[in-house]
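Structure data (TSV, C-alpha atoms) from upload.tsv:
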chain	number	residue	atom	x	y	z
H	1	MET	CA	72.23	129.82	116.68
H	2	ILE	CA	68.87	130.32	118.39
H	3	THR	CA	69.11	130.16	122.18
H	4	ALA	CA	67.03	127.80	124.29
H	5	ALA	CA	64.92	130.72	125.52
H	6	GLU	CA	64.32	131.98	121.98
H	7	GLN	CA	63.44	128.48	120.84
H	8	LYS	CA	60.93	128.11	123.67
H	9	ALA	CA	59.33	131.44	122.74
H	10	SER	CA	59.29	130.39	119.11
H	11	ALA	CA	57.45	127.17	119.91
H	12	ALA	CA	54.94	129.05	122.06
H	13	SER	CA	54.26	131.47	119.22
H	14	ALA	CA	53.90	128.57	116.83
H	15	ARG	CA	51.43	126.80	119.12
H	16	GLU	CA	49.25	129.92	119.21
H	17	ALA	CA	49.40	130.32	115.43
H	18	LEU	CA	48.66	126.71	114.64
H	19	THR	CA	45.84	126.24	117.08
H	20	ALA	CA	44.29	129.40	115.66
H	21	GLY	CA	43.69	127.59	112.43
H	22	VAL	CA	46.70	127.19	110.15
H	23	PHE	CA	45.66	124.58	107.62
H	24	GLY	CA	42.75	123.86	109.97
H	25	ALA	CA	45.09	122.03	112.35
H	26	ARG	CA	44.42	121.28	115.99
H	27	LEU	CA	47.63	119.89	117.43
H	28	THR	CA	47.93	117.38	120.23
H	29	ASP	CA	50.58	117.37	122.96
H	30	ALA	CA	52.27	114.53	121.08
H	31	HIS	CA	52.62	116.75	118.01
H	32	TRP	CA	54.19	119.49	120.11
H	33	ALA	CA	56.59	117.04	121.73
H	34	LEU	CA	57.76	116.00	118.28
H	35	ILE	CA	58.20	119.61	117.14
H	36	THR	CA	60.36	120.18	120.21
H	37	GLN	CA	62.47	117.11	119.41
H	38	LEU	CA	62.98	118.13	115.80
H	39	SER	CA	63.72	121.70	116.85
H	40	ASP	CA	66.39	120.41	119.22
H	41	VAL	CA	68.34	118.85	116.36
H	42	ARG	CA	67.95	121.52	113.74
H	43	SER	CA	71.31	122.84	112.68
H	44	GLN	CA	70.76	126.42	111.55
H	45	ASP	CA	68.58	129.48	112.02
H	46	ALA	CA	67.13	129.43	108.49
H	47	TYR	CA	64.08	127.52	109.68
H	48	ASP	CA	62.05	128.86	112.57
H	49	VAL	CA	58.96	126.98	113.63
H	50	ALA	CA	57.17	130.16	114.69
H	51	THR	CA	57.51	131.98	111.39
H	52	ALA	CA	57.05	128.73	109.52
H	53	THR	CA	53.61	128.17	110.93
H	54	LEU	CA	52.24	131.70	110.57
H	55	ASP	CA	51.08	130.76	107.09
H	56	ARG	CA	47.33	130.98	107.27
H	57	ILE	CA	45.08	132.37	104.63
H	58	ASN	CA	42.15	134.73	105.11
H	59	LYS	CA	38.96	132.71	105.50
H	60	GLY	CA	37.37	134.90	102.87
H	61	LEU	CA	39.80	133.41	100.35
H	62	SER	CA	38.84	129.79	101.03
H	63	MET	CA	38.20	127.68	97.95
H	64	ALA	CA	34.45	127.56	97.30
H	65	LEU	CA	32.69	124.51	95.91
H	66	PRO	CA	28.92	124.26	95.44
H	67	LYS	CA	27.06	122.25	98.04
H	68	LEU	CA	26.37	118.63	97.13
H	69	TRP	CA	29.70	118.39	95.31
H	70	VAL	CA	29.64	114.66	94.55
H	71	HIS	CA	32.71	114.09	92.39
H	72	GLN	CA	35.16	111.40	93.40
H	73	THR	CA	38.73	112.43	94.16
H	74	VAL	CA	40.95	112.15	91.08
H	75	PRO	CA	43.75	109.58	91.57
H	76	VAL	CA	47.02	111.35	92.35
H	77	ALA	CA	48.75	109.88	89.29
H	78	ASP	CA	46.09	111.46	87.05
H	79	VAL	CA	46.28	115.01	88.42
H	80	GLY	CA	47.26	117.33	85.59
H	81	ASP	CA	46.18	114.94	82.85
H	82	PHE	CA	44.29	117.04	80.32
H	83	HIS	CA	41.71	114.28	79.98
H	84	THR	CA	40.81	114.56	83.68
H	85	GLY	CA	38.72	117.70	83.11
H	86	ALA	CA	36.32	115.83	80.86
H	87	SER	CA	34.93	114.05	83.92
H	88	PHE	CA	33.44	117.29	85.28
H	89	PRO	CA	30.16	118.57	83.76
H	90	LEU	CA	30.45	122.06	82.33
H	91	GLU	CA	27.75	123.43	84.61
H	92	HIS	CA	29.72	122.26	87.66
H	93	LEU	CA	32.91	123.91	86.41
H	94	ALA	CA	30.93	127.07	85.69
H	95	GLN	CA	29.78	127.05	89.32
H	96	VAL	CA	33.38	126.75	90.52
H	97	TYR	CA	34.42	129.60	88.26
H	98	ALA	CA	31.61	132.00	89.14
H	99	LEU	CA	31.73	131.31	92.87
H	100	ASN	CA	35.49	131.85	93.07
H	101	LYS	CA	35.61	134.79	90.70
H	102	ALA	CA	33.52	136.56	93.32
H	103	ARG	CA	36.04	135.62	96.05
H	104	CYS	CA	39.03	137.31	94.41
H	105	PRO	CA	40.33	140.03	96.74
H	106	ASP	CA	41.01	142.35	93.79
H	107	SER	CA	38.20	142.70	91.25
H	108	ASP	CA	40.67	143.74	88.55
H	109	TYR	CA	42.00	140.17	88.52
H	110	ALA	CA	38.78	138.29	89.28
H	111	VAL	CA	38.55	136.55	85.88
H	112	HIS	CA	42.10	135.22	86.07
H	113	PHE	CA	41.64	134.19	89.69
H	114	GLY	CA	38.41	132.31	88.95
H	115	LEU	CA	39.83	130.59	85.87
H	116	LEU	CA	42.95	129.45	87.72
H	117	ARG	CA	40.83	127.87	90.46
H	118	MET	CA	38.49	126.29	87.92
H	119	GLU	CA	41.42	124.81	86.01
H	120	ALA	CA	42.88	123.47	89.27
H	121	VAL	CA	39.61	121.62	89.84
H	122	LYS	CA	39.69	120.30	86.27
H	123	ALA	CA	43.29	119.19	86.84
H	124	GLY	CA	42.15	117.07	89.76
H	125	TRP	CA	43.60	118.92	92.75
H	126	VAL	CA	40.47	118.66	94.91
H	127	ASP	CA	40.64	116.19	97.78
H	128	THR	CA	38.22	117.25	100.47
H	129	SER	CA	39.62	114.66	102.90
H	130	THR	CA	42.90	116.59	103.23
H	131	GLN	CA	42.02	120.19	102.32
H	132	ALA	CA	40.69	122.24	105.22
H	133	GLU	CA	40.44	125.45	103.20
H	134	ILE	CA	37.63	124.18	100.98
H	135	ILE	CA	34.17	125.41	101.92
H	136	PHE	CA	30.81	124.40	100.50
H	137	VAL	CA	28.41	127.20	99.61
H	138	ASP	CA	24.98	127.58	98.07
H	139	PRO	CA	25.30	127.29	94.29
H	140	LEU	CA	24.33	130.00	91.87
H	141	ASP	CA	21.59	129.45	89.33
H	142	ASP	CA	23.18	127.20	86.68
H	143	ASP	CA	22.17	129.54	83.89
H	144	VAL	CA	23.79	132.50	85.65
H	145	ALA	CA	27.02	130.55	86.24
H	146	LEU	CA	27.19	129.30	82.65
H	147	ARG	CA	26.51	132.75	81.18
H	148	THR	CA	29.19	134.26	83.45
H	149	LEU	CA	31.79	131.74	82.29
H	150	GLU	CA	30.75	132.05	78.65
H	151	HIS	CA	30.95	135.84	78.71
H	152	ASP	CA	34.34	135.96	80.43
H	153	LEU	CA	35.92	133.31	78.20
H	154	ALA	CA	34.75	135.25	75.14
H	155	THR	CA	36.69	138.30	76.32
H	156	PHE	CA	39.69	136.42	77.75
H	157	THR	CA	42.70	137.35	75.62
H	158	GLU	CA	45.29	134.98	77.07
H	159	ASN	CA	45.98	131.33	76.37
H	160	ILE	CA	43.61	129.11	78.40
H	161	TYR	CA	46.03	126.20	78.01
H	162	GLN	CA	48.64	128.23	79.84
H	163	VAL	CA	46.18	128.69	82.72
H	164	ARG	CA	45.72	124.93	82.78
H	165	THR	CA	49.48	124.37	82.93
H	166	LEU	CA	49.92	126.88	85.75
H	167	ALA	CA	47.09	125.28	87.71
H	168	TYR	CA	48.96	121.99	87.56
H	169	LEU	CA	52.49	123.27	88.27
H	170	ILE	CA	52.07	125.98	90.90
H	171	PRO	CA	50.85	123.69	93.73
H	172	LEU	CA	53.87	121.44	93.15
H	173	ILE	CA	56.25	124.40	93.26
H	174	ALA	CA	54.46	125.69	96.36
H	175	GLU	CA	55.06	122.37	98.10
H	176	HIS	CA	58.78	122.67	97.41
H	177	CYS	CA	58.81	126.14	98.94
H	178	PHE	CA	56.91	124.91	102.00
H	179	ARG	CA	59.27	121.93	102.37
H	180	THR	CA	62.52	123.85	102.02
H	181	GLN	CA	61.57	127.24	103.49
H	182	GLY	CA	58.97	126.26	106.09
H	183	HIS	CA	56.27	128.50	104.63
H	184	TYR	CA	54.40	129.12	101.38
H	185	TRP	CA	54.65	132.85	101.03
H	186	ARG	CA	56.01	136.07	102.44
H	187	THR	CA	55.29	139.30	100.65
H	188	ASP	CA	58.63	140.25	99.16
H	189	LYS	CA	60.41	140.04	95.82
H	190	ALA	CA	62.64	137.20	96.99
H	191	GLU	CA	59.58	135.04	97.60
H	192	ALA	CA	58.26	135.62	94.08
H	193	PHE	CA	61.71	134.72	92.76
H	194	ARG	CA	61.59	131.35	94.56
H	195	TYR	CA	58.49	130.49	92.54
H	196	TRP	CA	59.57	132.18	89.32
H	197	VAL	CA	62.81	130.22	88.92
H	198	PRO	CA	61.39	126.65	89.10
H	199	LEU	CA	58.33	127.69	87.10
H	200	HIS	CA	60.53	128.89	84.25
H	201	ALA	CA	62.59	125.72	84.52
H	202	CYS	CA	59.39	123.73	83.95
H	203	LEU	CA	58.16	125.70	80.93
H	204	GLU	CA	59.51	126.07	77.43
H	205	HIS	CA	58.22	129.62	77.17
H	206	SER	CA	57.94	132.39	79.73
H	207	PRO	CA	54.41	132.44	81.21
H	208	ARG	CA	52.29	135.53	80.61
H	209	PHE	CA	49.39	135.54	83.02
H	210	ASN	CA	47.89	138.68	84.43
H	211	LEU	CA	47.90	137.93	88.15
H	212	PRO	CA	50.10	139.62	90.77
H	213	PRO	CA	52.59	137.19	92.38
H	214	GLU	CA	50.73	137.01	95.70
H	215	LEU	CA	47.51	135.96	93.98
H	216	LEU	CA	49.18	133.66	91.45
H	217	TYR	CA	51.61	131.84	93.71
H	218	TYR	CA	49.77	131.96	97.00
H	219	GLU	CA	46.15	132.95	97.45
H	220	ALA	CA	44.58	131.31	94.39
H	221	LEU	CA	45.86	127.77	95.05
H	222	HIS	CA	46.89	127.73	98.71
H	223	TRP	CA	43.89	125.50	99.44
H	224	THR	CA	45.50	122.54	97.63
H	225	GLY	CA	47.66	121.97	100.73
H	226	PRO	CA	50.87	120.03	101.50
H	227	ALA	CA	49.32	116.55	101.77
H	228	ARG	CA	47.72	116.50	98.32
H	229	GLN	CA	50.74	118.25	96.80
H	230	MET	CA	53.15	115.67	98.22
H	231	GLN	CA	50.98	112.74	97.15
H	232	VAL	CA	50.78	114.01	93.58
H	233	LEU	CA	54.52	114.68	93.42
H	234	LEU	CA	55.48	111.21	94.64
H	235	ALA	CA	52.94	109.46	92.42
H	236	GLN	CA	54.22	111.19	89.30
H	237	LEU	CA	58.01	110.93	89.70
H	238	GLN	CA	58.15	108.30	86.96
H	239	LEU	CA	55.67	110.05	84.65
H	240	SER	CA	56.69	112.20	81.70
H	241	ARG	CA	54.00	114.72	82.68
H	242	LEU	CA	56.05	115.87	85.67
H	243	PRO	CA	58.82	118.26	84.53
H	244	ASP	CA	62.38	117.12	85.14
H	245	ALA	CA	63.03	120.18	87.30
H	246	LEU	CA	60.40	119.05	89.81
H	247	LYS	CA	61.71	115.48	89.76
H	248	THR	CA	65.16	116.80	90.66
H	249	MET	CA	63.73	118.97	93.44
H	250	ALA	CA	61.71	116.11	94.95
H	251	SER	CA	64.49	115.07	97.34
H	252	ASP	CA	65.36	118.59	98.51
H	253	THR	CA	65.33	118.65	102.29
H	254	PRO	CA	63.97	121.05	104.93
H	255	ALA	CA	66.14	124.08	105.58
H	256	SER	CA	66.83	122.83	109.10
H	257	MET	CA	68.81	119.96	107.61
H	258	ALA	CA	71.17	122.11	105.51
H	259	ASP	CA	74.29	121.66	107.66
H	260	LEU	CA	73.81	117.90	107.80
H	261	ILE	CA	73.19	117.52	104.05
H	262	CYS	CA	76.05	119.83	103.01
H	263	THR	CA	78.49	118.12	105.37
H	264	ALA	CA	77.51	114.67	104.06
H	265	ARG	CA	78.06	115.81	100.47
H	266	TYR	CA	81.43	117.26	101.36
H	267	ILE	CA	82.48	114.01	103.02
H	268	LYS	CA	81.43	112.05	99.94
H	269	ALA	CA	83.56	114.36	97.81
H	270	LEU	CA	86.76	113.46	99.68
H	271	ASN	CA	88.34	111.55	96.84
H	272	SER	CA	92.01	111.49	97.69
H	273	ASP	CA	94.09	109.85	100.41
H	274	ILE	CA	95.57	113.24	101.28
H	275	GLN	CA	92.13	114.71	101.94
H	276	LYS	CA	91.06	111.68	103.94
H	277	ASP	CA	94.25	111.79	105.98
H	278	LYS	CA	93.62	115.44	106.76
H	279	PHE	CA	90.09	114.75	107.97
H	280	SER	CA	91.21	111.79	110.08
H	281	LYS	CA	92.24	114.44	112.61
H	282	CYS	CA	88.70	115.84	112.75
H	283	PRO	CA	87.03	115.31	116.18
H	284	ALA	CA	83.98	113.77	114.46
H	285	PHE	CA	85.88	111.59	111.98
H	286	ASP	CA	84.38	108.43	113.49
H	287	LYS	CA	80.89	109.83	112.76
H	288	PHE	CA	81.38	110.26	109.00
H	289	ASP	CA	79.44	107.10	108.13
H	290	LEU	CA	76.62	108.14	110.49
H	291	ILE	CA	76.43	111.60	108.90
H	292	LYS	CA	76.22	110.09	105.41
H	293	SER	CA	73.63	107.46	106.31
H	294	VAL	CA	71.34	109.87	108.16
H	295	ALA	CA	71.62	112.45	105.38
H	296	ALA	CA	70.65	109.76	102.87
H	297	ALA	CA	67.60	108.87	104.99
H	298	VAL	CA	66.51	112.51	105.12
H	299	GLU	CA	66.89	112.90	101.36
H	300	LYS	CA	64.94	109.69	100.77
H	301	ASP	CA	61.98	110.92	102.85
H	302	PRO	CA	62.27	114.67	103.49
H	303	PHE	CA	58.57	114.90	104.38
H	304	LYS	CA	58.93	112.69	107.44
H	305	TYR	CA	61.79	114.84	108.72
H	306	HIS	CA	59.93	118.12	108.25
H	307	GLN	CA	59.11	119.87	111.51
H	308	LEU	CA	55.50	120.15	110.33
H	309	HIS	CA	55.36	116.62	108.92
H	310	PHE	CA	51.76	116.16	110.07
H	311	PHE	CA	50.57	118.67	107.47
H	312	TYR	CA	51.79	116.15	104.92
H	313	GLY	CA	49.75	113.44	106.60
H	314	VAL	CA	52.84	111.31	107.26
H	315	GLY	CA	54.21	109.81	110.44
H	316	PRO	CA	57.22	111.22	112.30
H	317	PRO	CA	60.72	109.72	112.59
H	318	THR	CA	61.02	106.93	115.12
H	319	LYS	CA	62.83	107.50	118.41
H	320	ASP	CA	65.87	105.70	117.05
H	321	GLU	CA	65.80	107.83	113.89
H	322	LEU	CA	65.54	111.00	115.98
H	323	THR	CA	68.48	109.88	118.12
H	324	ALA	CA	70.54	109.19	115.01
H	325	LEU	CA	69.52	112.55	113.55
H	326	ARG	CA	70.53	114.36	116.71
H	327	ASP	CA	73.93	112.61	116.85
H	328	ALA	CA	74.60	113.13	113.15
H	329	THR	CA	73.64	116.82	113.30
H	330	LYS	CA	75.93	117.44	116.26
H	331	ALA	CA	78.74	115.66	114.45
H	332	ALA	CA	78.12	117.69	111.29
H	333	VAL	CA	78.40	120.93	113.28
H	334	LYS	CA	81.75	119.74	114.66
H	335	VAL	CA	82.99	118.91	111.17
H	336	ARG	CA	82.00	122.29	109.76
H	337	SER	CA	83.50	124.20	112.71
H	338	TRP	CA	86.75	122.24	112.30
H	339	MET	CA	87.00	122.91	108.55

Please express what this file holds, its structure, as structure tokens.
Amino acid sequence: MITAAEQKASAASAREALTAGVFGARLTDAHWALITQLSDVRSQDAYDVATATLDRINKGLSMALPKLWVHQTVPVADVGDFHTGASFPLEHLAQVYALNKARCPDSDYAVHFGLLRMEAVKAGWVDTSTQAEIIFVDPLDDDVALRTLEHDLATFTENIYQVRTLAYLIPLIAEHCFRTQGHYWRTDKAEAFRYWVPLHACLEHSPRFNLPPELLYYEALHWTGPARQMQVLLAQLQLSRLPDALKTMASDTPASMADLICTARYIKALNSDIQKDKFSKCPAFDKFDLIKSVAAAVEKDPFKYHQLHFFYGVGPPTKDELTALRDATKAAVKVRSWM
């Protein structure tokens, strides 16, 4: 487990990272008090608030929209609906494409990068009220933007409908990674695998899209942000548009809650009198109901119990909920050490 001194250093590092501009956040003392409280009750080392918050993107990769962007935010339930794109004039989409093609950090992939961002706009991901990584820039000449898009689409050899599907799914998968891992991306093969597995679970056919993992899963759509991603996910849980894999993953909890959740599931699985009699000798036997009830609350609203809940735009647990979480987590540790 992380020592008190290490945890204090971790929080200090996190404060520096966040106030430097992660997701454009400027945290109050109240926010930091809550992070400390949630850190106190976390049950394993898999989630570290310092490394979790060092997830900021180069300002040069911000999502660019032309100045005087006047489109209303697409309702969250409509994000990803193929009919949504019809509400954007072609010249506006061409501006989005041309402006962001130029922002790709690797010119070899600029067309794919620009198209993915344009399709994300068409899908309805833009919500300037929650997305700090959107910047407004001087537009190009409309004729230049349109000719650029026309030329590149004429030479684009891949399926544009696949680009549209990826633009819808990847932000939702990214949210799951942020929720359960505490960050969006770290440059290693394991990170790409965390995106690859749910993406393949959502698609009938393996995607073929010529973007390196870091561009595809991280830099192209990082601007969509946790708040919009969460809102879309929750609004679409009953819609057929949302793949079943993402519906199943919607209740997955932060990594810091793993001991609590696993212990609660184990307790629920005790289905014989012999097993129950054995566990009656456990020092935390009288806390079994508390462990199960708190775990159920976390699974019902994992966003509220995230250490960085404010990035989701949601309120924190109440004092009573934090007290219950602390007691249940301590009891869960006792159960697992006794097993």

Fewer than 6 positions away in the same chain doesn't count, so skip those; otherwise give me all residues within 12 Å of Arg241 of chain H, counting only C-alpha atoms, as a ChimeraX atom specification.
-> /H:77-82,165,168-169,202-203,232-233,235,247

May I have the residues from that selection written out with C-alpha atoms, as an mmCIF file, in the frame of the given file?
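Output below, filename selection16.cif:
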data_model
loop_
_atom_site.group_PDB
_atom_site.id
_atom_site.type_symbol
_atom_site.label_atom_id
_atom_site.label_comp_id
_atom_site.auth_asym_id
_atom_site.auth_seq_id
_atom_site.Cartn_x
_atom_site.Cartn_y
_atom_site.Cartn_z
ATOM 1 C CA ALA H 77 48.750 109.880 89.290
ATOM 2 C CA ASP H 78 46.090 111.460 87.050
ATOM 3 C CA VAL H 79 46.280 115.010 88.420
ATOM 4 C CA GLY H 80 47.260 117.330 85.590
ATOM 5 C CA ASP H 81 46.180 114.940 82.850
ATOM 6 C CA PHE H 82 44.290 117.040 80.320
ATOM 7 C CA THR H 165 49.480 124.370 82.930
ATOM 8 C CA TYR H 168 48.960 121.990 87.560
ATOM 9 C CA LEU H 169 52.490 123.270 88.270
ATOM 10 C CA CYS H 202 59.390 123.730 83.950
ATOM 11 C CA LEU H 203 58.160 125.700 80.930
ATOM 12 C CA VAL H 232 50.780 114.010 93.580
ATOM 13 C CA LEU H 233 54.520 114.680 93.420
ATOM 14 C CA ALA H 235 52.940 109.460 92.420
ATOM 15 C CA LYS H 247 61.710 115.480 89.760
#

For atom CA of Ala110 of chain H and atom CA of Ala123 of chain H, determine how far apart the two atoms are, in Å to one decimal place.
-> 19.8 Å

Each segment 191-299 of chain H residue no farther than 12 Å from segment 325-334 of chain H, nearest pair in Å, all atoms listed in the file, as a tab-separated table:
residue	atom	partner	partner_atom	distance
H:Ser256	CA	H:Thr329	CA	10.0
H:Met257	CA	H:Thr329	CA	8.1
H:Ala258	CA	H:Thr329	CA	9.7
H:Asp259	CA	H:Ala332	CA	6.6
H:Leu260	CA	H:Ala332	CA	5.5
H:Ile261	CA	H:Ala332	CA	8.8
H:Cys262	CA	H:Ala332	CA	8.8
H:Thr263	CA	H:Ala332	CA	5.9
H:Ala264	CA	H:Ala332	CA	7.9
H:Arg265	CA	H:Ala332	CA	11.0
H:Tyr266	CA	H:Ala332	CA	10.5
H:Ile267	CA	H:Ala332	CA	10.0
H:Phe279	CA	H:Lys334	CA	11.8
H:Lys281	CA	H:Lys334	CA	11.9
H:Cys282	CA	H:Lys334	CA	8.2
H:Pro283	CA	H:Lys334	CA	7.1
H:Ala284	CA	H:Ala331	CA	5.6
H:Phe285	CA	H:Ala331	CA	8.6
H:Asp286	CA	H:Ala331	CA	9.2
H:Lys287	CA	H:Ala331	CA	6.4
H:Phe288	CA	H:Ala331	CA	8.1
H:Asp289	CA	H:Ala328	CA	9.2
H:Leu290	CA	H:Ala328	CA	6.0
H:Ile291	CA	H:Ala328	CA	4.9
H:Lys292	CA	H:Ala328	CA	8.5
H:Ser293	CA	H:Ala328	CA	8.9
H:Val294	CA	H:Leu325	CA	6.3
H:Ala295	CA	H:Ala328	CA	8.3
H:Ala296	CA	H:Leu325	CA	11.1
H:Ala297	CA	H:Leu325	CA	9.5
H:Val298	CA	H:Leu325	CA	9.0

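Look at everything within 7 Å of (61.8, 124.9, 104.5) using all atoms listed in the file, and the residues you get are Tyr47, Cys177, Phe178, Arg179, Thr180, Gln181, Gly182, His183, Pro254 and Ala255 of chain H.
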
Those residues you just picked out, can you put them in a file as a CSV table (one decimal), in the coordinates of the input with C-alpha atoms?
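So part.csv came out as:
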chain,number,residue,atom,x,y,z
H,47,TYR,CA,64.1,127.5,109.7
H,177,CYS,CA,58.8,126.1,98.9
H,178,PHE,CA,56.9,124.9,102.0
H,179,ARG,CA,59.3,121.9,102.4
H,180,THR,CA,62.5,123.8,102.0
H,181,GLN,CA,61.6,127.2,103.5
H,182,GLY,CA,59.0,126.3,106.1
H,183,HIS,CA,56.3,128.5,104.6
H,254,PRO,CA,64.0,121.0,104.9
H,255,ALA,CA,66.1,124.1,105.6

To box segment 81-84 of chain H, take all atoms listed in the file, fit an axis-aligned box, add 5 Å on each side, and give centre and edge lengths in Å to one decimal, as AutoDock Vina command-line options.
--center_x 43.5 --center_y 115.7 --center_z 81.8 --size_x 15.4 --size_y 12.8 --size_z 13.7

Within 7 Å of Gln95 of chain H using only C-alpha atoms, minus same-chain residues under 2 positions, as a VMD selection string = chain H and resid 66 91 to 93 97 to 99 139 to 140 145

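A straight line drawn from atom CA of Glu299 of chain H to atom CA of Leu322 of chain H is 14.8 Å long.
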
Selection: 6 Å around segment 223-226 of chain H, only C-alpha atoms, excl. self and same-chain fewer than 2 positions, as a PyMOL selection string = chain H and resi 133+175+221+228-230+312

Point-to-point distance in Å for atom CA of Pro171 of chain H and atom CA of His151 of chain H |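 Going from atom CA of His151 of chain H over to atom CA of Pro171 of chain H covers 27.7 Å.
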
Any idea what's packed within 12 Å of Ala94 of chain H, counting all atoms listed in the file, ignoring anything in its chain fewer than 6 positions away? Could you give it as a PyMOL selection string?
-> chain H and resi 65-66+88+100-101+114-115+117-119+121-122+139-153
